[in-house]
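Visitor: Have a peek at entry-v7.json (JSON, C-alpha atoms).
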```
[["chain", "number", "residue", "atom", "x", "y", "z"],
["H", 1, "MET", "CA", -9.33, -24.56, 7.82],
["H", 2, "SER", "CA", -8.05, -28.12, 8.01],
["H", 3, "TYR", "CA", -7.07, -27.86, 4.32],
["H", 4, "PHE", "CA", -4.66, -24.98, 4.97],
["H", 5, "LEU", "CA", -3.09, -26.90, 7.85],
["H", 6, "SER", "CA", -2.82, -30.17, 5.96],
["H", 7, "LEU", "CA", 0.54, -31.91, 5.83],
["H", 8, "PRO", "CA", 1.12, -31.43, 2.07],
["H", 9, "VAL", "CA", 0.59, -27.66, 2.36],
["H", 10, "ILE", "CA", 2.87, -27.37, 5.38],
["H", 11, "THR", "CA", 5.51, -29.48, 3.63],
["H", 12, "SER", "CA", 5.32, -27.27, 0.52],
["H", 13, "LEU", "CA", 5.64, -24.08, 2.57],
["H", 14, "LEU", "CA", 8.63, -25.46, 4.46],
["H", 15, "SER", "CA", 10.25, -26.52, 1.19],
["H", 16, "ILE", "CA", 9.81, -23.01, -0.24],
["H", 17, "LEU", "CA", 11.20, -21.44, 2.93],
["H", 18, "ILE", "CA", 14.23, -23.74, 3.06],
["H", 19, "SER", "CA", 14.90, -23.28, -0.67],
["H", 20, "SER", "CA", 14.74, -19.50, -0.27],
["H", 21, "LEU", "CA", 17.18, -19.58, 2.65],
["H", 22, "VAL", "CA", 19.58, -21.81, 0.71],
["H", 23, "LEU", "CA", 19.43, -19.53, -2.34],
["H", 24, "TYR", "CA", 20.02, -16.45, -0.17],
["H", 25, "TYR", "CA", 22.99, -18.13, 1.52],
["H", 26, "LEU", "CA", 24.46, -19.09, -1.88],
["H", 27, "HIS", "CA", 23.89, -15.55, -3.17],
["H", 28, "ILE", "CA", 25.82, -14.11, -0.21],
["H", 29, "LYS", "CA", 28.68, -16.59, -0.46],
["H", 30, "ILE", "CA", 29.07, -16.39, -4.24],
["H", 31, "SER", "CA", 29.04, -12.57, -4.15],
["H", 32, "GLU", "CA", 31.63, -12.59, -1.37],
["H", 33, "ARG", "CA", 33.92, -14.94, -3.28],
["H", 34, "VAL", "CA", 33.62, -13.01, -6.55],
["H", 35, "LEU", "CA", 34.15, -9.59, -4.97],
["H", 36, "ASN", "CA", 37.25, -10.89, -3.20],
["H", 37, "ASN", "CA", 38.61, -12.40, -6.43],
["H", 38, "PHE", "CA", 38.43, -15.89, -4.91],
["H", 39, "GLN", "CA", 41.37, -14.91, -2.71],
["H", 40, "ALA", "CA", 41.42, -15.92, 0.95],
["H", 41, "SER", "CA", 41.72, -13.04, 3.42],
["H", 42, "GLU", "CA", 44.91, -12.71, 5.44],
["H", 43, "ALA", "CA", 44.78, -12.57, 9.21],
["H", 44, "TRP", "CA", 44.21, -9.08, 10.60],
["H", 45, "ILE", "CA", 47.20, -7.90, 12.65],
["H", 46, "PRO", "CA", 46.42, -4.39, 13.97],
["H", 47, "GLU", "CA", 50.00, -3.33, 14.68],
["H", 48, "ASN", "CA", 50.95, -3.95, 11.04],
["H", 49, "GLU", "CA", 48.28, -1.61, 9.69],
["H", 50, "LEU", "CA", 48.21, 2.12, 9.01],
["H", 51, "VAL", "CA", 44.80, 3.56, 8.13],
["H", 52, "LEU", "CA", 44.60, 6.81, 6.20],
["H", 53, "LEU", "CA", 41.25, 8.46, 6.92],
["H", 54, "THR", "CA", 39.98, 11.53, 5.09],
["H", 55, "GLY", "CA", 37.44, 13.76, 6.82],
["H", 56, "GLY", "CA", 38.47, 12.43, 10.21],
["H", 57, "SER", "CA", 37.56, 15.66, 12.00],
["H", 58, "GLY", "CA", 33.85, 15.21, 11.29],
["H", 59, "SER", "CA", 31.22, 13.11, 13.06],
["H", 60, "ILE", "CA", 31.49, 9.87, 11.08],
["H", 61, "GLY", "CA", 35.24, 10.23, 10.64],
["H", 62, "ARG", "CA", 35.75, 10.73, 14.36],
["H", 63, "GLN", "CA", 33.76, 7.59, 15.14],
["H", 64, "ILE", "CA", 35.76, 5.54, 12.62],
["H", 65, "MET", "CA", 38.98, 6.87, 14.11],
["H", 66, "GLU", "CA", 37.93, 6.04, 17.67],
["H", 67, "GLU", "CA", 36.90, 2.50, 16.80],
["H", 68, "LEU", "CA", 40.12, 1.77, 14.93],
["H", 69, "SER", "CA", 42.24, 3.43, 17.60],
["H", 70, "GLY", "CA", 40.49, 1.31, 20.22],
["H", 71, "LYS", "CA", 41.56, -1.77, 18.27],
["H", 72, "GLU", "CA", 45.20, -0.58, 18.51],
["H", 73, "VAL", "CA", 45.36, 0.44, 14.87],
["H", 74, "ARG", "CA", 47.48, 3.44, 13.88],
["H", 75, "VAL", "CA", 45.43, 6.11, 12.10],
["H", 76, "VAL", "CA", 46.43, 9.22, 10.15],
["H", 77, "ILE", "CA", 43.68, 11.78, 9.62],
["H", 78, "LEU", "CA", 43.67, 14.05, 6.58],
["H", 79, "ASP", "CA", 41.30, 16.98, 6.91],
["H", 80, "ILE", "CA", 41.22, 20.68, 6.11],
["H", 81, "SER", "CA", 39.67, 21.35, 9.53],
["H", 82, "GLN", "CA", 41.47, 20.86, 12.83],
["H", 83, "PRO", "CA", 39.86, 18.27, 15.16],
["H", 84, "THR", "CA", 37.88, 19.80, 18.01],
["H", 85, "PHE", "CA", 38.60, 16.76, 20.19],
["H", 86, "GLU", "CA", 41.69, 15.19, 21.72],
["H", 87, "LEU", "CA", 43.39, 12.53, 19.62],
["H", 88, "PRO", "CA", 44.56, 9.18, 21.03],
["H", 89, "GLU", "CA", 48.31, 8.46, 21.04],
["H", 90, "ASN", "CA", 48.10, 6.20, 17.99],
["H", 91, "VAL", "CA", 46.32, 8.83, 15.85],
["H", 92, "THR", "CA", 48.04, 11.65, 13.97],
["H", 93, "PHE", "CA", 46.38, 14.60, 12.27],
["H", 94, "TYR", "CA", 47.64, 16.24, 9.07],
["H", 95, "GLN", "CA", 45.94, 19.41, 7.94],
["H", 96, "THR", "CA", 45.62, 18.69, 4.25],
["H", 97, "ASP", "CA", 43.65, 19.94, 1.28],
["H", 98, "ILE", "CA", 42.64, 16.59, -0.21],
["H", 99, "THR", "CA", 41.47, 18.35, -3.38],
["H", 100, "SER", "CA", 45.07, 19.40, -4.10],
["H", 101, "ALA", "CA", 47.63, 16.97, -5.50],
["H", 102, "LYS", "CA", 50.42, 19.23, -4.20],
["H", 103, "SER", "CA", 49.04, 19.24, -0.66],
["H", 104, "LEU", "CA", 48.58, 15.46, -0.75],
["H", 105, "SER", "CA", 52.12, 14.95, -2.02],
["H", 106, "GLU", "CA", 53.58, 17.02, 0.81],
["H", 107, "THR", "CA", 51.48, 15.19, 3.40],
["H", 108, "GLY", "CA", 52.34, 11.86, 1.83],
["H", 109, "ALA", "CA", 56.05, 12.53, 2.22],
["H", 110, "SER", "CA", 55.57, 13.34, 5.92],
["H", 111, "ILE", "CA", 53.45, 10.24, 6.51],
["H", 112, "ARG", "CA", 55.98, 7.93, 4.86],
["H", 113, "LYS", "CA", 58.84, 9.45, 6.82],
["H", 114, "LEU", "CA", 57.15, 9.15, 10.22],
["H", 115, "HIS", "CA", 54.71, 6.26, 9.87],
["H", 116, "GLY", "CA", 55.38, 4.30, 6.69],
["H", 117, "GLU", "CA", 52.95, 3.59, 3.86],
["H", 118, "PRO", "CA", 49.20, 3.46, 4.52],
["H", 119, "THR", "CA", 47.76, -0.06, 4.17],
["H", 120, "VAL", "CA", 44.12, 1.04, 4.31],
["H", 121, "ILE", "CA", 42.51, 4.12, 2.78],
["H", 122, "VAL", "CA", 39.08, 5.32, 3.90],
["H", 123, "ASN", "CA", 37.68, 7.99, 1.58],
["H", 124, "ASN", "CA", 35.20, 9.48, 4.03],
["H", 125, "ALA", "CA", 35.37, 13.26, 3.52],
["H", 126, "ALA", "CA", 32.24, 14.84, 2.04],
["H", 127, "VAL", "CA", 30.32, 18.11, 1.83],
["H", 128, "PHE", "CA", 26.63, 18.79, 1.26],
["H", 129, "ASN", "CA", 24.79, 22.00, 0.42],
["H", 130, "HIS", "CA", 21.06, 22.75, 0.39],
["H", 131, "HIS", "CA", 20.66, 24.11, -3.15],
["H", 132, "THR", "CA", 18.64, 23.39, -6.26],
["H", 133, "ILE", "CA", 20.34, 23.16, -9.66],
["H", 134, "LEU", "CA", 19.56, 26.80, -10.49],
["H", 135, "GLU", "CA", 20.47, 28.14, -7.04],
["H", 136, "ILE", "CA", 23.82, 26.55, -6.33],
["H", 137, "PRO", "CA", 26.79, 28.94, -6.63],
["H", 138, "GLU", "CA", 29.57, 27.72, -8.91],
["H", 139, "LYS", "CA", 32.06, 27.72, -6.03],
["H", 140, "GLU", "CA", 29.93, 25.35, -3.95],
["H", 141, "LEU", "CA", 29.15, 23.19, -6.98],
["H", 142, "ARG", "CA", 32.85, 22.71, -7.70],
["H", 143, "GLN", "CA", 33.58, 22.13, -4.01],
["H", 144, "THR", "CA", 31.02, 19.29, -3.92],
["H", 145, "PHE", "CA", 32.73, 17.44, -6.75],
["H", 146, "ASP", "CA", 36.26, 18.30, -5.62],
["H", 147, "VAL", "CA", 35.73, 16.93, -2.11],
["H", 148, "ASN", "CA", 33.24, 14.14, -2.78],
["H", 149, "ILE", "CA", 34.89, 12.51, -5.81],
["H", 150, "ILE", "CA", 37.95, 14.27, -7.29],
["H", 151, "SER", "CA", 39.73, 13.79, -3.96],
["H", 152, "HIS", "CA", 39.26, 10.01, -4.29],
["H", 153, "PHE", "CA", 41.32, 10.04, -7.48],
["H", 154, "LEU", "CA", 44.00, 12.27, -6.00],
["H", 155, "VAL", "CA", 44.31, 10.32, -2.74],
["H", 156, "LEU", "CA", 44.68, 7.05, -4.60],
["H", 157, "LYS", "CA", 47.17, 8.46, -7.10],
["H", 158, "GLU", "CA", 49.33, 9.34, -4.10],
["H", 159, "PHE", "CA", 48.93, 6.21, -1.95],
["H", 160, "LEU", "CA", 47.59, 3.31, -4.07],
["H", 161, "PRO", "CA", 50.86, 2.46, -5.92],
["H", 162, "PHE", "CA", 52.35, 0.96, -2.74],
["H", 163, "MET", "CA", 49.31, -1.30, -2.27],
["H", 164, "VAL", "CA", 49.55, -2.40, -5.90],
["H", 165, "ARG", "CA", 53.25, -3.24, -5.52],
["H", 166, "MET", "CA", 52.54, -5.25, -2.38],
["H", 167, "ASN", "CA", 49.28, -6.75, -3.74],
["H", 168, "ARG", "CA", 47.82, -5.99, -0.34],
["H", 169, "GLY", "CA", 45.62, -3.27, 1.12],
["H", 170, "HIS", "CA", 42.07, -2.01, 1.29],
["H", 171, "VAL", "CA", 40.24, 1.02, -0.12],
["H", 172, "VAL", "CA", 36.94, 1.91, 1.54],
["H", 173, "THR", "CA", 34.57, 4.39, -0.10],
["H", 174, "VAL", "CA", 32.01, 6.01, 2.19],
["H", 175, "ALA", "CA", 29.26, 6.87, -0.30],
["H", 176, "SER", "CA", 25.52, 7.23, 0.29],
["H", 177, "ILE", "CA", 22.06, 5.95, -0.61],
["H", 178, "ALA", "CA", 22.22, 8.98, -2.91],
["H", 179, "SER", "CA", 24.48, 6.81, -5.10],
["H", 180, "PHE", "CA", 21.24, 5.09, -6.14],
["H", 181, "VAL", "CA", 18.48, 7.69, -5.55],
["H", 182, "THR", "CA", 18.57, 11.28, -6.83],
["H", 183, "ILE", "CA", 16.12, 13.77, -5.35],
["H", 184, "GLY", "CA", 15.57, 17.51, -5.53],
["H", 185, "GLU", "CA", 17.82, 19.97, -3.69],
["H", 186, "MET", "CA", 20.49, 17.25, -3.52],
["H", 187, "VAL", "CA", 21.33, 16.83, -7.21],
["H", 188, "ASP", "CA", 24.98, 17.87, -6.97],
["H", 189, "TYR", "CA", 25.49, 15.65, -3.93],
["H", 190, "ALA", "CA", 23.77, 12.67, -5.56],
["H", 191, "CYS", "CA", 25.83, 13.13, -8.73],
["H", 192, "SER", "CA", 29.03, 13.09, -6.67],
["H", 193, "LYS", "CA", 27.95, 9.99, -4.72],
["H", 194, "ALA", "CA", 26.89, 8.16, -7.89],
["H", 195, "SER", "CA", 30.38, 9.00, -9.13],
["H", 196, "ALA", "CA", 31.85, 7.59, -5.91],
["H", 197, "LEU", "CA", 30.07, 4.30, -6.58],
["H", 198, "ALA", "CA", 31.34, 4.26, -10.17],
["H", 199, "PHE", "CA", 34.83, 5.01, -8.84],
["H", 200, "HIS", "CA", 34.61, 2.08, -6.42],
["H", 201, "GLU", "CA", 33.41, -0.32, -9.12],
["H", 202, "GLY", "CA", 36.00, 0.84, -11.66],
["H", 203, "LEU", "CA", 38.81, 0.66, -9.10],
["H", 204, "SER", "CA", 37.93, -2.99, -8.42],
["H", 205, "GLN", "CA", 38.20, -3.77, -12.13],
["H", 206, "GLU", "CA", 41.52, -1.98, -12.58],
["H", 207, "LEU", "CA", 43.02, -3.69, -9.55],
["H", 208, "ARG", "CA", 41.99, -7.08, -10.92],
["H", 209, "TYR", "CA", 42.97, -6.70, -14.57],
["H", 210, "TRP", "CA", 45.19, -3.66, -15.09],
["H", 211, "TYR", "CA", 47.31, -3.66, -11.92],
["H", 212, "LYS", "CA", 47.28, -7.43, -11.24],
["H", 213, "ALA", "CA", 46.63, -6.76, -7.54],
["H", 214, "PRO", "CA", 43.60, -8.96, -6.71],
["H", 215, "ASN", "CA", 44.40, -8.97, -2.98],
["H", 216, "VAL", "CA", 43.80, -5.22, -2.64],
["H", 217, "ARG", "CA", 40.28, -5.09, -1.25],
["H", 218, "THR", "CA", 37.61, -2.54, -2.15],
["H", 219, "SER", "CA", 34.45, -1.75, -0.18],
["H", 220, "SER", "CA", 31.67, 0.81, -0.44],
["H", 221, "ILE", "CA", 29.32, 1.94, 2.33],
["H", 222, "HIS", "CA", 25.96, 3.55, 1.50],
["H", 223, "PRO", "CA", 24.09, 4.99, 4.50],
["H", 224, "LEU", "CA", 20.66, 6.60, 4.31],
["H", 225, "TRP", "CA", 20.15, 9.61, 6.60],
["H", 226, "VAL", "CA", 22.88, 9.96, 9.26],
["H", 227, "ARG", "CA", 22.50, 12.38, 12.16],
["H", 228, "THR", "CA", 25.48, 14.67, 11.54],
["H", 229, "PRO", "CA", 25.90, 18.46, 11.27],
["H", 230, "MET", "CA", 25.88, 18.02, 7.48],
["H", 231, "ILE", "CA", 22.10, 17.45, 7.42],
["H", 232, "GLU", "CA", 21.09, 19.79, 10.24],
["H", 233, "GLY", "CA", 19.10, 21.70, 7.62],
["H", 234, "PHE", "CA", 16.79, 18.68, 7.64],
["H", 235, "THR", "CA", 17.00, 17.38, 11.21],
["H", 236, "LYS", "CA", 16.30, 20.82, 12.66],
["H", 237, "TYR", "CA", 12.77, 20.33, 11.34],
["H", 238, "GLU", "CA", 12.29, 16.79, 12.58],
["H", 239, "ALA", "CA", 8.50, 17.11, 12.87],
["H", 240, "ASP", "CA", 8.35, 17.67, 9.11],
["H", 241, "PHE", "CA", 11.34, 15.51, 8.18],
["H", 242, "ARG", "CA", 10.00, 12.42, 9.97],
["H", 243, "GLN", "CA", 12.79, 10.11, 8.84],
["H", 244, "SER", "CA", 14.60, 7.42, 10.79],
["H", 245, "LEU", "CA", 18.17, 8.48, 11.40],
["H", 246, "LEU", "CA", 21.31, 6.41, 11.64],
["H", 247, "GLY", "CA", 24.03, 7.39, 14.08],
["H", 248, "PRO", "CA", 27.71, 7.82, 13.08],
["H", 249, "LYS", "CA", 28.49, 4.66, 15.06],
["H", 250, "GLU", "CA", 26.37, 2.49, 12.77],
["H", 251, "VAL", "CA", 28.28, 3.75, 9.73],
["H", 252, "SER", "CA", 31.59, 3.36, 11.53],
["H", 253, "GLN", "CA", 30.83, -0.23, 12.51],
["H", 254, "ALA", "CA", 30.18, -1.14, 8.88],
["H", 255, "VAL", "CA", 33.44, 0.50, 7.76],
["H", 256, "VAL", "CA", 35.51, -1.14, 10.49],
["H", 257, "GLU", "CA", 33.92, -4.54, 9.88],
["H", 258, "HIS", "CA", 35.05, -4.47, 6.24],
["H", 259, "ILE", "CA", 38.54, -3.39, 7.29],
["H", 260, "VAL", "CA", 39.23, -5.93, 10.05],
["H", 261, "THR", "CA", 37.71, -8.87, 8.13],
["H", 262, "ARG", "CA", 39.67, -7.83, 5.02],
["H", 263, "LYS", "CA", 36.60, -8.36, 2.87],
["H", 264, "SER", "CA", 35.52, -6.44, -0.20],
["H", 265, "GLY", "CA", 31.85, -5.70, -0.54],
["H", 266, "GLN", "CA", 28.99, -3.25, -0.53],
["H", 267, "THR", "CA", 27.01, -2.38, 2.59],
["H", 268, "ILE", "CA", 23.76, -0.40, 2.47],
["H", 269, "LEU", "CA", 22.52, 1.06, 5.76],
["H", 270, "PRO", "CA", 20.16, 0.41, 7.34],
["H", 271, "ARG", "CA", 20.33, -3.21, 6.19],
["H", 272, "HIS", "CA", 16.64, -3.35, 5.30],
["H", 273, "ALA", "CA", 17.26, -0.54, 2.78],
["H", 274, "SER", "CA", 19.39, -2.85, 0.61],
["H", 275, "VAL", "CA", 16.60, -2.78, -1.98],
["H", 276, "PHE", "CA", 17.86, 0.67, -3.01],
["H", 277, "GLY", "CA", 20.88, -1.03, -4.55],
["H", 278, "SER", "CA", 18.52, -2.58, -7.11],
["H", 279, "LEU", "CA", 16.45, 0.55, -7.70],
["H", 280, "LYS", "CA", 17.36, 0.83, -11.40],
["H", 281, "ALA", "CA", 15.96, -2.66, -11.98],
["H", 282, "LEU", "CA", 12.49, -1.58, -10.84],
["H", 283, "PRO", "CA", 9.81, -0.34, -13.26],
["H", 284, "LEU", "CA", 10.27, 3.33, -14.13],
["H", 285, "TRP", "CA", 6.98, 4.35, -12.50],
["H", 286, "LEU", "CA", 8.08, 2.77, -9.23],
["H", 287, "GLN", "CA", 11.52, 4.39, -9.41],
["H", 288, "GLU", "CA", 9.84, 7.75, -9.89],
["H", 289, "ALA", "CA", 7.45, 7.10, -7.02],
["H", 290, "ILE", "CA", 10.39, 6.43, -4.67],
["H", 291, "ARG", "CA", 12.24, 9.56, -5.80],
["H", 292, "SER", "CA", 9.07, 11.62, -5.47],
["H", 293, "TYR", "CA", 8.47, 10.34, -1.95],
["H", 294, "PHE", "CA", 11.86, 11.55, -0.76],
["H", 295, "SER", "CA", 11.68, 14.78, -2.78],
["H", 296, "SER", "CA", 8.34, 15.62, -1.15],
["H", 297, "ILE", "CA", 10.00, 15.30, 2.27],
["H", 298, "VAL", "CA", 12.86, 17.60, 1.29],
["H", 299, "TRP", "CA", 10.39, 20.08, -0.24],
["H", 300, "ARG", "CA", 8.28, 20.09, 2.94],
["H", 301, "VAL", "CA", 11.35, 20.86, 5.06],
["H", 302, "ARG", "CA", 12.50, 23.50, 2.59],
["H", 303, "ILE", "CA", 9.23, 25.41, 3.01],
["H", 304, "LYS", "CA", 9.78, 25.54, 6.78],
["H", 305, "ARG", "CA", 13.44, 26.49, 6.42],
["H", 306, "VAL", "CA", 12.69, 29.33, 4.00],
["H", 307, "ALA", "CA", 9.85, 30.57, 6.22],
["H", 308, "ASP", "CA", 12.20, 30.66, 9.23],
["H", 309, "LYS", "CA", 14.82, 32.67, 7.35],
["H", 310, "ASN", "CA", 12.34, 34.97, 5.64],
["H", 311, "PRO", "CA", 9.05, 35.26, 7.56],
["H", 312, "GLY", "CA", 6.18, 35.83, 5.16],
["H", 313, "LEU", "CA", 8.16, 34.69, 2.11],
["H", 314, "ARG", "CA", 6.98, 31.58, 0.26],
["H", 315, "ALA", "CA", 9.57, 28.98, -0.77],
["H", 316, "PRO", "CA", 10.43, 29.34, -4.46]]
```
Please, can you express the file's structure as C-alpha cells?
Guide:
Amino acid sequence: MSYFLSLPVITSLLSILISSLVLYYLHIKISERVLNNFQASEAWIPENELVLLTGGSGSIGRQIMEELSGKEVRVVILDISQPTFELPENVTFYQTDITSAKSLSETGASIRKLHGEPTVIVNNAAVFNHHTILEIPEKELRQTFDVNIISHFLVLKEFLPFMVRMNRGHVVTVASIASFVTIGEMVDYACSKASALAFHEGLSQELRYWYKAPNVRTSSIHPLWVRTPMIEGFTKYEADFRQSLLGPKEVSQAVVEHIVTRKSGQTILPRHASVFGSLKALPLWLQEAIRSYFSSIVWRVRIKRVADKNPGLRAP
C-alpha cells in the first residue's frame, strides 16, 4: 500500500494530470483560434444586431427568440406556421415558405425595408417523420430535405451577400447528433442533418477563401434528444425509450452563447456526448455497436407505437 502512495508515484500521477489539462486547454484554444480565422471578435452591441431565425414558431425556436429578445436583440422569425404565443415588441413574424426562393425573396424585401439587413442567421427549422426507408412517402421524403437542408442554401443565397460585403455576421446551423450517428427509422432525418454539417463546414471554407470574409462567423449545434413535439412518437413511450432528454432551453443557451460571444465553433449537447463528433474515427465494430444500441431503442418504441395504433398487429 505504501508503494502506491509513495512520492514518486504521486508526482508522476500529478504530472500526467497537469499535462493532460494543459493539452486539453491548448486543444480548445487552438481550435477556437483556427475556427475564427485568427480574427478577434468584435464587441457585441445588441441594438446593432438583427437576427433572422427560421422555425421560430416551434419549441426550440421560441426559446431562442425569447432569450435574444430578452437581451434587447431584434429578431425576425421566418416560419410557415403562425406562432401560438404572443411576440415581444422587438420580434416580428413573417409567414414564409423557406423552401421557396420566391417566398424568401419577397420576405427579404419586406425585412430590408422595415428592419434592415440581418446580421445573424439561425437555420433552426426542421421536420422529422417516423418512417423506414421503404415506408416513407415521397412527399415527406422531399419535405425532410427541403426544410432541413435545401432551405439553408436558399436562406443564405438571399441574406448572406450583405454579410460578405460587410465582412461581418454569423450563421448558426442547428443540426443534431444525427449528423454523426445514423439509426433505423431516422435515415432521411440523419441524411439531412449530416448534410447540414457538411453545409456548415463548406460554408466556413467558402467564406475564408472564396468570399474573403473571414470575420463572418459560423457555428453548428448538435443536440441529442430534445423534448419537443417533434419526437413525441418516442417520448410518449418513455418507459421503453429510457433516454435522457434535453430541454429547448439548453439548446437555446448554446445557440445564444455562440451569437453573443461572436465565436465560431461546434457544440455537441449534452457536453459529455462530444465523443459522437469523433465517431467515424472509432473502430468499425464499435461504430456499429453504438448505432445498434440506439436503433434497438427506436425499434422497441416502434413495437409499442404500432401496437397502440393497431392492437394485435405485430410491428413490421
Visitor: What residues have an atom no more than 12 Å from (43.1, 1.2, 20.9) in the file's own frame, counting only C-alpha atoms, and can you write them as a list of chain:residue names?
Guide: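 Returned residue set, sorted by chain then number, is H:Pro46, H:Glu47, H:Ile64, H:Met65, H:Glu66, H:Glu67, H:Leu68, H:Ser69, H:Gly70, H:Lys71, H:Glu72, H:Val73, H:Arg74, H:Val75, H:Leu87, H:Pro88, H:Glu89, H:Asn90, H:Val91.
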Visitor: Can you tell me, as a VMD selection string, what residues are no more than 9 Å from stretch 231-235 of chain H when counting only C-alpha atoms, ignoring any on the same chain fewer than 3 positions away?
Guide: chain H and resid 128 to 130 225 to 228 238 to 243 245 298 301 to 302 305
Visitor: Around the point (34.6, 8.1, 8.5) (coordinates from the file), which residues reach within 9 Å if we count only C-alpha atoms? Answer as a count of residues only.
Guide: 22
Visitor: Which is closest to H:Lys102 among H:Leu154, H:Val181, H:Met186, H:Leu26, if we use all atoms listed in the file?
Guide: H:Leu154
Visitor: Calculated over only C-alpha atoms, which of the candidates H:Gly169, H:Ser105, H:Ile259, H:Leu52 has the smallest distance to H:Thr92?
Guide: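 Of H:Gly169, H:Ser105, H:Ile259, H:Leu52, the one nearest H:Thr92, counting only C-alpha atoms, is H:Leu52.
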Visitor: For a quick check of understanding, using only C-alpha atoms, which of H:His131, H:Lys280, H:Lys249, H:Arg271 has the smallest distance to H:Val187?
Guide: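 Of the candidates, the smallest distance to H:Val187 is held by H:His131.
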Visitor: What does the distance from atom CA of H:Tyr189 to atom CA of H:Arg291 come to in Å, to one decimal?
Guide: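 That distance, rounded to one decimal, is 14.7 Å.
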Visitor: What does the structure give for the distance between atom CA of H:Phe180 and atom CA of H:Leu279, in Å to one decimal?
Guide: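 The value is 6.8 Å.
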Visitor: Closest to H:Arg142 among H:Ala281, H:His115, H:Phe159, H:Asp188, using all atoms listed in the file?
Guide: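 That would be H:Asp188, the residue with the smallest distance to H:Arg142.
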Visitor: Give the centre and edge lengths of an axis-aligned box, in Å to one decimal, that holds all listed atoms of stretch 132-143 of chain H with 5 Å on each side, as AutoDock Vina command-line options.
Guide:
```
--center_x 26.1 --center_y 25.5 --center_z -7.2 --size_x 24.9 --size_y 16.8 --size_z 16.5
```
Visitor: For H:Ile177, which of H:Gly265, H:Gly108, H:Pro270, H:Pro118 is the closest residue, counting all atoms listed in the file?
Guide: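 Of H:Gly265, H:Gly108, H:Pro270, H:Pro118, the one nearest H:Ile177, counting all atoms listed in the file, is H:Pro270.
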Visitor: Show which residues sit within 10 Å of H:Met166, as a list in words. Count only C-alpha atoms, and ignore same-chain residues fewer than 6 positions away.
Guide: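 Neighbouring residues, sequence-local ones excluded: Thr119, Ala213, Asn215 and Val216 of chain H.
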Visitor: For the selection just defined, write its residues with C-alpha atoms to a file, as a PDB file, in the frame of the given file.
Guide:
```pdb
ATOM      1  CA  THR H 119      47.760  -0.060   4.170  1.00  0.00           C
ATOM      2  CA  ALA H 213      46.630  -6.760  -7.540  1.00  0.00           C
ATOM      3  CA  ASN H 215      44.400  -8.970  -2.980  1.00  0.00           C
ATOM      4  CA  VAL H 216      43.800  -5.220  -2.640  1.00  0.00           C
TER       5      VAL H 216
END
```
Visitor: Rounded to one decimal in Å, what is the spacing between atom CA of H:Leu35 and atom CA of H:Leu284?
Guide: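 Going from atom CA of H:Leu35 over to atom CA of H:Leu284, I get 28.7 Å.
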Visitor: At a cut-off of 8 Å, using only C-alpha atoms, what residues contact H:Ile221? Leave out same-chain residues fewer than 6 positions from it and give the result as an mmCIF file with C-alpha atoms, in the coordinates of the input.
Guide:
```
data_model
loop_
_atom_site.group_PDB
_atom_site.id
_atom_site.type_symbol
_atom_site.label_atom_id
_atom_site.label_comp_id
_atom_site.auth_asym_id
_atom_site.auth_seq_id
_atom_site.Cartn_x
_atom_site.Cartn_y
_atom_site.Cartn_z
ATOM 1 C CA VAL H 172 36.940 1.910 1.540
ATOM 2 C CA THR H 173 34.570 4.390 -0.100
ATOM 3 C CA VAL H 174 32.010 6.010 2.190
ATOM 4 C CA ALA H 175 29.260 6.870 -0.300
ATOM 5 C CA SER H 176 25.520 7.230 0.290
ATOM 6 C CA VAL H 251 28.280 3.750 9.730
ATOM 7 C CA ALA H 254 30.180 -1.140 8.880
ATOM 8 C CA VAL H 255 33.440 0.500 7.760
ATOM 9 C CA GLN H 266 28.990 -3.250 -0.530
ATOM 10 C CA THR H 267 27.010 -2.380 2.590
ATOM 11 C CA ILE H 268 23.760 -0.400 2.470
ATOM 12 C CA LEU H 269 22.520 1.060 5.760
#
```
Visitor: Please determine, counting all atoms listed in the file, which residue among H:Lys139, H:His170, H:Lys304, H:Arg262 has the shortest atom-to-atom distance to H:Val51.
Guide: H:His170
Visitor: Need to verify the contact set: H:Gln82, 7 Å, all atoms listed in the file, exclusion of same-chain residues closer than 2 positions in sequence. Can you return it as a list in words?
Guide: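 Counting all atoms listed in the file, the residues come to Ser57, Ile80, Thr84 and Gln95 of chain H.
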Visitor: Since the input lacks atoms, please generate N, CA, C and O atoms for stretch 295-301 of chain H and provide them as a PDB file, keeping the file's coordinate frame.
Guide:
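What landed in part08.pdb:
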```pdb
ATOM      1  N   SER H 295      11.669  13.365  -2.380  1.00  0.00           N
ATOM      2  CA  SER H 295      11.680  14.780  -2.780  1.00  0.00           C
ATOM      3  C   SER H 295      10.587  15.558  -2.041  1.00  0.00           C
ATOM      4  O   SER H 295      10.784  16.714  -1.653  1.00  0.00           O
ATOM      5  N   SER H 296       9.433  14.932  -1.835  1.00  0.00           N
ATOM      6  CA  SER H 296       8.340  15.620  -1.150  1.00  0.00           C
ATOM      7  C   SER H 296       8.728  15.935   0.295  1.00  0.00           C
ATOM      8  O   SER H 296       8.336  16.973   0.846  1.00  0.00           O
ATOM      9  N   ILE H 297       9.526  15.057   0.907  1.00  0.00           N
ATOM     10  CA  ILE H 297      10.000  15.300   2.270  1.00  0.00           C
ATOM     11  C   ILE H 297      10.929  16.500   2.297  1.00  0.00           C
ATOM     12  O   ILE H 297      10.807  17.411   3.122  1.00  0.00           O
ATOM     13  N   VAL H 298      11.886  16.497   1.360  1.00  0.00           N
ATOM     14  CA  VAL H 298      12.860  17.600   1.290  1.00  0.00           C
ATOM     15  C   VAL H 298      12.138  18.909   0.987  1.00  0.00           C
ATOM     16  O   VAL H 298      12.479  19.965   1.547  1.00  0.00           O
ATOM     17  N   TRP H 299      11.156  18.865   0.104  1.00  0.00           N
ATOM     18  CA  TRP H 299      10.390  20.080  -0.240  1.00  0.00           C
ATOM     19  C   TRP H 299       9.629  20.607   0.971  1.00  0.00           C
ATOM     20  O   TRP H 299       9.606  21.801   1.234  1.00  0.00           O
ATOM     21  N   ARG H 300       9.042  19.701   1.744  1.00  0.00           N
ATOM     22  CA  ARG H 300       8.280  20.090   2.940  1.00  0.00           C
ATOM     23  C   ARG H 300       9.199  20.790   3.949  1.00  0.00           C
ATOM     24  O   ARG H 300       8.840  21.807   4.543  1.00  0.00           O
ATOM     25  N   VAL H 301      10.390  20.256   4.124  1.00  0.00           N
ATOM     26  CA  VAL H 301      11.350  20.860   5.060  1.00  0.00           C
ATOM     27  C   VAL H 301      11.850  22.194   4.517  1.00  0.00           C
ATOM     28  O   VAL H 301      12.027  23.155   5.270  1.00  0.00           O
TER      29      VAL H 301
END
```
